[in-house]
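For reference, start36.tsv is printed below; it contains TSV, C-alpha atoms.
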chain	number	residue	atom	x	y	z
O	1	MET	CA	16.83	-22.04	-56.31
O	2	LYS	CA	17.92	-25.54	-55.34
O	3	GLY	CA	15.69	-27.93	-53.45
O	4	LEU	CA	15.11	-27.11	-49.82
O	5	LYS	CA	17.37	-29.83	-48.47
O	6	GLU	CA	20.26	-28.84	-50.73
O	7	TYR	CA	19.83	-25.06	-50.67
O	8	GLU	CA	22.33	-22.87	-48.86
O	9	PRO	CA	23.18	-19.25	-49.66
O	10	ASN	CA	26.68	-18.20	-50.63
O	11	PHE	CA	27.51	-16.77	-47.21
O	12	ASN	CA	30.95	-15.60	-48.34
O	13	LEU	CA	29.28	-13.43	-50.99
O	14	ILE	CA	26.69	-12.13	-48.53
O	15	ARG	CA	29.33	-11.30	-45.91
O	16	ALA	CA	31.38	-9.48	-48.53
O	17	TYR	CA	28.30	-7.44	-49.44
O	18	THR	CA	27.48	-6.53	-45.83
O	19	HIS	CA	31.13	-5.57	-45.27
O	20	GLU	CA	30.80	-3.21	-48.23
O	21	ILE	CA	27.69	-1.70	-46.63
O	22	GLU	CA	29.56	-1.17	-43.36
O	23	ASP	CA	32.54	0.39	-45.14
O	24	SER	CA	30.23	2.71	-47.08
O	25	LEU	CA	28.55	3.82	-43.86
O	26	LYS	CA	31.94	4.56	-42.29
O	27	ASN	CA	33.03	6.52	-45.35
O	28	SER	CA	29.78	8.48	-45.37
O	29	LYS	CA	30.67	10.02	-41.99
O	30	GLU	CA	27.21	9.09	-40.74
O	31	CYS	CA	26.60	7.37	-37.43
O	32	PHE	CA	25.13	3.90	-37.49
O	33	ILE	CA	24.00	1.04	-35.30
O	34	LYS	CA	25.22	-2.43	-36.23
O	35	ILE	CA	23.46	-5.37	-34.65
O	36	LYS	CA	23.76	-9.11	-35.10
O	37	LEU	CA	20.67	-11.22	-34.43
O	38	GLU	CA	19.91	-14.93	-34.34
O	39	THR	CA	16.50	-16.50	-34.84
O	40	VAL	CA	15.42	-18.58	-31.85
O	41	GLU	CA	12.11	-19.41	-33.51
O	42	LYS	CA	11.07	-19.74	-37.12
O	43	TYR	CA	10.71	-16.40	-38.87
O	44	ILE	CA	8.35	-15.29	-41.64
O	45	SER	CA	9.95	-12.46	-43.60
O	46	GLY	CA	6.81	-11.53	-45.54
O	47	TRP	CA	6.39	-9.14	-48.47
O	48	SER	CA	9.10	-7.28	-50.39
O	49	PRO	CA	9.52	-6.03	-53.98
O	50	ILE	CA	10.60	-9.59	-54.87
O	51	TYR	CA	9.12	-12.53	-53.00
O	52	PHE	CA	8.01	-16.11	-53.48
O	53	ILE	CA	4.27	-16.30	-54.05
O	54	THR	CA	3.13	-18.95	-51.61
O	55	GLU	CA	0.45	-19.10	-48.95
O	56	VAL	CA	2.94	-17.15	-46.81
O	57	PRO	CA	5.28	-14.99	-48.96
O	58	ILE	CA	9.01	-14.86	-48.25
O	59	SER	CA	11.22	-11.88	-49.15
O	60	TRP	CA	14.00	-12.86	-51.53
O	61	ASP	CA	17.10	-11.12	-52.90
O	62	LEU	CA	17.53	-12.42	-56.44
O	63	ILE	CA	21.10	-11.08	-56.78
O	64	LEU	CA	22.45	-12.72	-53.62
O	65	ASP	CA	19.95	-15.59	-53.88
O	66	THR	CA	18.95	-15.42	-50.25
O	67	PRO	CA	16.01	-14.60	-48.01
O	68	TYR	CA	16.38	-11.30	-46.17
O	69	ILE	CA	14.50	-8.84	-43.96
O	70	GLN	CA	13.44	-5.70	-45.77
O	71	GLY	CA	14.54	-2.39	-44.21
O	72	SER	CA	11.01	-0.97	-44.40
O	73	THR	CA	9.80	-3.97	-42.39
O	74	ILE	CA	12.41	-3.31	-39.70
O	75	LYS	CA	11.46	0.38	-39.68
O	76	GLY	CA	7.77	-0.44	-39.18
O	77	ILE	CA	8.48	-2.87	-36.36
O	78	ILE	CA	10.77	-0.49	-34.48
O	79	ARG	CA	8.42	2.44	-35.02
O	80	ASP	CA	5.61	0.47	-33.39
O	81	TYR	CA	7.74	-0.27	-30.35
O	82	PHE	CA	9.13	3.26	-30.25
O	83	LYS	CA	5.61	4.34	-29.37
O	84	GLU	CA	5.94	2.20	-26.23
O	85	VAL	CA	9.02	4.09	-25.02
O	86	CYS	CA	8.05	7.58	-26.24
O	87	GLN	CA	4.53	8.96	-26.56
O	88	ASP	CA	5.60	12.28	-28.11
O	89	GLU	CA	4.17	12.23	-31.65
O	90	ASN	CA	6.50	15.05	-32.73
O	91	VAL	CA	9.56	12.99	-31.79
O	92	ILE	CA	8.14	9.90	-33.51
O	93	SER	CA	7.41	11.81	-36.72
O	94	CYS	CA	10.79	13.53	-36.61
O	95	LEU	CA	12.69	10.24	-36.36
O	96	PHE	CA	10.57	8.05	-38.63
O	97	GLY	CA	8.92	10.59	-40.89
O	98	ASP	CA	5.29	11.11	-41.89
O	99	LYS	CA	3.37	12.28	-44.94
O	100	ASN	CA	4.80	15.79	-44.53
O	101	ARG	CA	8.50	15.09	-43.93
O	102	GLU	CA	11.24	12.54	-44.22
O	103	GLY	CA	12.54	10.75	-41.15
O	104	LYS	CA	16.02	11.17	-39.71
O	105	VAL	CA	16.77	7.44	-39.51
O	106	ILE	CA	17.57	5.04	-42.37
O	107	PHE	CA	16.87	1.33	-41.90
O	108	LEU	CA	18.85	-0.93	-44.21
O	109	ASP	CA	17.91	-4.46	-45.26
O	110	ALA	CA	19.14	-7.21	-42.92
O	111	TYR	CA	20.95	-10.19	-44.43
O	112	PRO	CA	21.81	-13.64	-43.08
O	113	TYR	CA	25.55	-14.18	-42.70
O	114	GLU	CA	25.71	-17.67	-41.20
O	115	VAL	CA	23.66	-20.47	-39.64
O	116	THR	CA	24.44	-22.32	-36.45
O	117	LYS	CA	25.88	-25.79	-36.75
O	118	GLY	CA	23.57	-28.42	-38.20
O	119	ASN	CA	20.84	-26.02	-39.29
O	120	LYS	CA	19.54	-25.13	-42.73
O	121	ILE	CA	18.46	-21.59	-43.50
O	122	LEU	CA	14.98	-22.61	-44.70
O	123	GLU	CA	12.40	-24.96	-43.25
O	124	TYR	CA	8.97	-26.11	-44.28
O	125	ASP	CA	6.00	-25.25	-42.15
O	126	ILE	CA	2.35	-26.13	-42.53
O	127	ILE	CA	-1.00	-24.34	-42.56
O	128	THR	CA	-4.02	-26.60	-42.19
O	129	PRO	CA	-7.31	-24.96	-43.23
O	130	HIS	CA	-10.07	-26.72	-41.34
O	131	TYR	CA	-13.15	-25.61	-43.24
O	132	ASN	CA	-13.08	-26.04	-46.99
O	133	ASN	CA	-16.69	-26.86	-47.75
O	134	PRO	CA	-19.89	-24.75	-47.72
O	135	GLU	CA	-21.41	-26.59	-44.77
O	136	ASN	CA	-18.60	-25.69	-42.35
O	137	ASP	CA	-19.40	-28.97	-40.68
O	138	GLU	CA	-16.43	-30.16	-38.65
O	139	TYR	CA	-17.62	-33.77	-38.98
O	140	LYS	CA	-17.43	-33.57	-42.77
O	141	ILE	CA	-14.25	-31.58	-43.29
O	142	ASN	CA	-11.27	-33.06	-45.06
O	143	PRO	CA	-8.35	-30.71	-44.24
O	144	VAL	CA	-5.49	-30.53	-46.74
O	145	PRO	CA	-2.21	-29.30	-45.19
O	146	ILE	CA	-0.50	-26.51	-47.14
O	147	LYS	CA	3.28	-26.27	-47.02
O	148	PHE	CA	5.10	-22.93	-46.93
O	149	LEU	CA	8.67	-21.80	-46.39
O	150	SER	CA	9.94	-20.04	-43.30
O	151	ILE	CA	13.39	-19.02	-42.11
O	152	ASN	CA	14.69	-21.61	-39.70
O	153	LYS	CA	15.94	-21.34	-36.12
O	154	GLY	CA	19.62	-20.58	-35.69
O	155	VAL	CA	19.98	-18.20	-38.64
O	156	ARG	CA	22.14	-15.15	-37.92
O	157	PHE	CA	21.42	-11.75	-39.49
O	158	VAL	CA	23.31	-8.48	-39.51
O	159	ALA	CA	21.35	-5.21	-39.63
O	160	PHE	CA	22.35	-1.55	-39.92
O	161	ILE	CA	20.51	1.60	-38.86
O	162	SER	CA	22.03	4.87	-40.11
O	163	PHE	CA	21.55	8.46	-38.93
O	164	ASP	CA	23.15	11.88	-38.50
O	165	ILE	CA	23.56	12.37	-34.75
O	166	TYR	CA	23.07	16.14	-34.98
O	167	GLU	CA	19.82	15.75	-36.89
O	168	LEU	CA	18.75	13.05	-34.45
O	169	ASN	CA	19.35	15.38	-31.51
O	170	GLU	CA	17.10	17.95	-33.17
O	171	CYS	CA	14.24	15.52	-32.58
O	172	SER	CA	15.07	14.95	-28.91
O	173	ASP	CA	18.11	15.13	-26.65
O	174	ASP	CA	17.68	11.43	-25.83
O	175	ALA	CA	16.56	10.29	-29.30
O	176	LEU	CA	19.44	7.83	-29.74
O	177	GLN	CA	18.81	6.22	-26.33
O	178	LEU	CA	15.10	5.93	-27.14
O	179	LEU	CA	15.86	4.42	-30.54
O	180	ILE	CA	18.14	1.77	-29.03
O	181	LYS	CA	15.60	1.07	-26.31
O	182	ALA	CA	12.86	0.55	-28.90
O	183	LEU	CA	15.19	-1.67	-30.95
O	184	LEU	CA	15.96	-3.91	-27.97
O	185	LEU	CA	12.31	-4.04	-26.95
O	186	SER	CA	11.28	-5.09	-30.46
O	187	ILE	CA	13.83	-7.92	-30.42
O	188	LYS	CA	12.54	-9.08	-27.06
O	189	MET	CA	8.92	-9.11	-28.29
O	190	GLY	CA	9.62	-10.61	-31.72
O	191	TRP	CA	9.78	-9.50	-35.34
O	192	GLY	CA	7.56	-10.26	-38.30
O	193	ARG	CA	4.28	-12.12	-38.54
O	194	ARG	CA	2.65	-14.52	-36.07
O	195	THR	CA	4.77	-13.47	-33.10
O	196	THR	CA	1.99	-14.66	-30.78
O	197	ARG	CA	2.07	-18.12	-32.39
O	198	GLY	CA	5.67	-19.13	-31.91
O	199	TYR	CA	7.32	-17.18	-34.74
O	200	GLY	CA	9.70	-14.22	-34.94
O	201	GLY	CA	11.78	-14.75	-31.79
O	202	PHE	CA	15.31	-13.33	-31.95
O	203	LYS	CA	18.26	-12.95	-29.64
O	204	ILE	CA	21.32	-10.73	-29.92
O	205	VAL	CA	24.41	-12.65	-30.96
O	206	GLU	CA	27.24	-12.65	-28.41
O	207	ASN	CA	30.90	-12.41	-29.43
O	208	GLU	CA	33.73	-14.58	-28.14
O	209	LYS	CA	33.95	-12.44	-24.99
O	210	GLY	CA	30.29	-13.05	-24.21
O	211	GLU	CA	29.38	-9.47	-25.11
O	212	LYS	CA	26.20	-8.79	-27.08
O	213	GLU	CA	27.04	-7.49	-30.52
O	214	VAL	CA	25.28	-4.13	-30.67
O	215	ASP	CA	27.68	-1.46	-31.88
O	216	VAL	CA	27.04	2.26	-32.17
O	217	VAL	CA	29.61	3.79	-34.51
O	218	CYS	CA	30.03	7.56	-34.86
O	219	PRO	CA	32.86	9.33	-36.69
O	220	TYR	CA	32.64	12.31	-34.34

Output the structure of this file as structure tokens.
Amino acid sequence: MKGLKEYEPNFNLIRAYTHEIEDSLKNSKECFIKIKLETVEKYISGWSPIYFITEVPISWDLILDTPYIQGSTIKGIIRDYFKEVCQDENVISCLFGDKNREGKVIFLDAYPYEVTKGNKILEYDIITPHYNNPENDEYKINPVPIKFLSINKGVRFVAFISFDIYELNECSDDALQLLIKALLLSIKMGWGRRTTRGYGGFKIVENEKGEKEVDVVCPY
């Protein structure tokens, strides 16, 4: 990877890849939700099968050479907020799965497709450990700031959530509405780590008509 100041993903390559994902979903005859999000605060993407080992790990796609948000992370976040809109454990297990059965919903990895003008995709942030000696004496400490990478403000991601509408309706007649409600609630509250400390804020990207880009696509 290039230095932070020079680094920028190949967004044309990433957009081509996400277009392939969307085409594959359409050809699969499955329903899917497509949503475009923009970071309004720094975002920490956390663990994945491949990540940079730093004080705060960052998920990385080595093929596309870009940070991304792992689908399992998105699933976990939305599942947590689904419990806020539906307290029926049978519905939750049906949609998201448990140790005894697979869920009805597939959460794909989310990829950045552009950054807003003047922004870089990555930014340094700092952790400052205060106590680094046995005495824990605040008059004797000598804090050493530790740099780590985070995803910057103004980075736009596209995410897909796939499902069979008939299987979804077996969980609950209003399962799709509950899923969308939980998705929107999770975006409002923030994704990822340190959401109570100024990280993880997102907003839904608006198109040229001022409409929020959340599309539900069903072939039937």

Exercise. From the list O:Pro9, O:Lys120, O:Tyr17, O:Cys86, which residue is nearest Asp65 in chain O when using all atoms listed in the file?
Worked result: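 Closest residue, counting all atoms listed in the file: O:Pro9.
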
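Picture a line from CA of Asp23 in chain O to CA of Gly154 in chain O; it runs 26.4 Å.
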
Exercise. So, counting only C-alpha atoms, which residue among O:Leu149, O:Leu108, O:Ile78, O:Ile204 is closest to Glu38 in chain O?
Worked result: O:Ile204

For this session: Calculate how many Å separate CA of Gly201 in chain O from CA of Asp125 in chain O, rounding to one decimal.
Result: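 Atom-to-atom, CA of Gly201 in chain O and CA of Asp125 in chain O are spaced 15.8 Å apart.
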
For this session: Grab the CA of Val214 in chain O to CA of Lys34 in chain O distance for me, in Å with one decimal place.
Result: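 Here the two named atoms are 5.8 Å from each other.
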
Exercise. Once you count all atoms listed in the file, which residues end up no further than 12 Å from (30.2, -14.8, -51.4) in the file's frame, shown as a list of chain:residue names?
Worked result: O:Glu8, O:Pro9, O:Asn10, O:Phe11, O:Asn12, O:Leu13, O:Ile14, O:Arg15, O:Ala16, O:Tyr17, O:Thr18, O:His19, O:Ile63, O:Leu64, O:Asp65, O:Thr66, O:Pro112, O:Tyr113, O:Glu114

Exercise. Which one of O:Tyr7, O:Phe202, O:Tyr81, O:Phe163 sits closest to Pro219 in chain O if you count only C-alpha atoms?
Worked result: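 Using only C-alpha atoms, Pro219 in chain O sits closest to O:Phe163.
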
Exercise. Which of these, O:Ser59, O:Thr116, O:Thr39, O:Ser72, has the shortest distance to Ile161 in chain O once you count all atoms listed in the file?
Worked result: O:Ser72

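By all atoms listed in the file, and with residues fewer than 3 positions from Val216 in chain O along its chain excluded, the set lying at most 10 Å from it is Cys31, Phe32, Ile33, Lys34, Ile35, Phe160, Ile161, Ser162, Leu176, Ile180 and Glu213 of chain O.
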
Exercise. Between O:Ile126, O:Trp60, O:Lys203, O:Cys171, which one has atoms that come closest to Lys188 in chain O, using only C-alpha atoms?
Worked result: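 Nearest candidate to Lys188 in chain O out of O:Ile126, O:Trp60, O:Lys203, O:Cys171: O:Lys203.
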
Problem set entry | Selection: 6 Å around Leu95 in chain O, all atoms listed in the file, excl. self and same-chain fewer than 5 positions, as a list of chain:residue names |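 In the requested format, the answer is O:Gly103, O:Lys104, O:Val105.
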
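Using all atoms listed in the file for every distance, the candidate list O:Ser93, O:Asn142, O:Gln70, O:Asn207 yields O:Ser93 as the residue closest to Leu168 in chain O.
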
Exercise. Near Val158 in chain O, counting all atoms listed in the file, which residues have an atom at most 6 Å away, once you skip same-chain residues fewer than 3 positions from it, shown as number ranges by chain?
Worked result: O: 35-36, 110-111

For this session: For Glu41 in chain O, work out the shell of residues within 7 Å, counting all atoms listed in the file and skipping chain neighbours fewer than 4 positions away, then give it as number ranges by chain.
Result: O: 153, 198-201

For this session: Can you pull out every residue within 8 Å of Ile77 in chain O, counting all atoms listed in the file, but drop anything in the same chain fewer than 5 positions away, and send it as an MDAnalysis selection string?
Result: chainID O and resid 186 191:192

Generate N, CA and C atoms for range 54-74 of chain O and emit them as an mmCIF file, in the frame of the given file.
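And here is the file that came out, part-v1.cif:
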data_model
loop_
_atom_site.group_PDB
_atom_site.id
_atom_site.type_symbol
_atom_site.label_atom_id
_atom_site.label_comp_id
_atom_site.auth_asym_id
_atom_site.auth_seq_id
_atom_site.Cartn_x
_atom_site.Cartn_y
_atom_site.Cartn_z
ATOM 1 N N THR O 54 3.629 -17.748 -52.259
ATOM 2 C CA THR O 54 3.130 -18.950 -51.610
ATOM 3 C C THR O 54 2.002 -18.527 -50.689
ATOM 4 N N GLU O 55 1.478 -19.458 -49.912
ATOM 5 C CA GLU O 55 0.450 -19.100 -48.950
ATOM 6 C C GLU O 55 0.990 -18.050 -47.960
ATOM 7 N N VAL O 56 2.270 -18.147 -47.642
ATOM 8 C CA VAL O 56 2.940 -17.150 -46.810
ATOM 9 C C VAL O 56 4.169 -16.680 -47.585
ATOM 10 N N PRO O 57 4.173 -15.442 -48.113
ATOM 11 C CA PRO O 57 5.280 -14.990 -48.960
ATOM 12 C C PRO O 57 6.579 -14.843 -48.172
ATOM 13 N N ILE O 58 7.705 -14.984 -48.871
ATOM 14 C CA ILE O 58 9.010 -14.860 -48.250
ATOM 15 C C ILE O 58 9.865 -13.908 -49.087
ATOM 16 N N SER O 59 10.402 -12.856 -48.450
ATOM 17 C CA SER O 59 11.220 -11.880 -49.150
ATOM 18 C C SER O 59 12.495 -12.536 -49.669
ATOM 19 N N TRP O 60 12.859 -12.196 -50.907
ATOM 20 C CA TRP O 60 14.000 -12.860 -51.530
ATOM 21 C C TRP O 60 14.845 -11.871 -52.316
ATOM 22 N N ASP O 61 16.159 -11.915 -52.121
ATOM 23 C CA ASP O 61 17.100 -11.120 -52.900
ATOM 24 C C ASP O 61 17.587 -11.984 -54.063
ATOM 25 N N LEU O 62 17.198 -11.612 -55.280
ATOM 26 C CA LEU O 62 17.530 -12.420 -56.440
ATOM 27 C C LEU O 62 19.017 -12.342 -56.801
ATOM 28 N N ILE O 63 19.681 -11.237 -56.455
ATOM 29 C CA ILE O 63 21.100 -11.080 -56.780
ATOM 30 C C ILE O 63 21.947 -11.977 -55.872
ATOM 31 N N LEU O 64 21.690 -11.910 -54.580
ATOM 32 C CA LEU O 64 22.450 -12.720 -53.620
ATOM 33 C C LEU O 64 21.838 -14.099 -53.420
ATOM 34 N N ASP O 65 20.650 -14.303 -53.988
ATOM 35 C CA ASP O 65 19.950 -15.590 -53.880
ATOM 36 C C ASP O 65 19.790 -16.013 -52.427
ATOM 37 N N THR O 66 19.119 -15.153 -51.669
ATOM 38 C CA THR O 66 18.950 -15.420 -50.250
ATOM 39 C C THR O 66 17.685 -14.747 -49.712
ATOM 40 N N PRO O 67 17.054 -15.331 -48.715
ATOM 41 C CA PRO O 67 16.010 -14.600 -48.010
ATOM 42 C C PRO O 67 16.631 -13.467 -47.203
ATOM 43 N N TYR O 68 15.867 -12.429 -46.934
ATOM 44 C CA TYR O 68 16.380 -11.300 -46.170
ATOM 45 C C TYR O 68 15.212 -10.605 -45.471
ATOM 46 N N ILE O 69 15.532 -9.627 -44.655
ATOM 47 C CA ILE O 69 14.500 -8.840 -43.960
ATOM 48 C C ILE O 69 14.547 -7.436 -44.520
ATOM 49 N N GLN O 70 13.471 -6.995 -45.114
ATOM 50 C CA GLN O 70 13.440 -5.700 -45.770
ATOM 51 C C GLN O 70 13.571 -4.570 -44.746
ATOM 52 N N GLY O 71 14.320 -3.520 -45.111
ATOM 53 C CA GLY O 71 14.540 -2.390 -44.210
ATOM 54 C C GLY O 71 13.241 -1.706 -43.806
ATOM 55 N N SER O 72 12.286 -1.605 -44.733
ATOM 56 C CA SER O 72 11.010 -0.970 -44.400
ATOM 57 C C SER O 72 10.240 -1.788 -43.368
ATOM 58 N N THR O 73 10.420 -3.117 -43.406
ATOM 59 C CA THR O 73 9.800 -3.970 -42.390
ATOM 60 C C THR O 73 10.397 -3.694 -41.019
ATOM 61 N N ILE O 74 11.734 -3.598 -40.966
ATOM 62 C CA ILE O 74 12.410 -3.310 -39.700
ATOM 63 C C ILE O 74 11.971 -1.942 -39.181
#
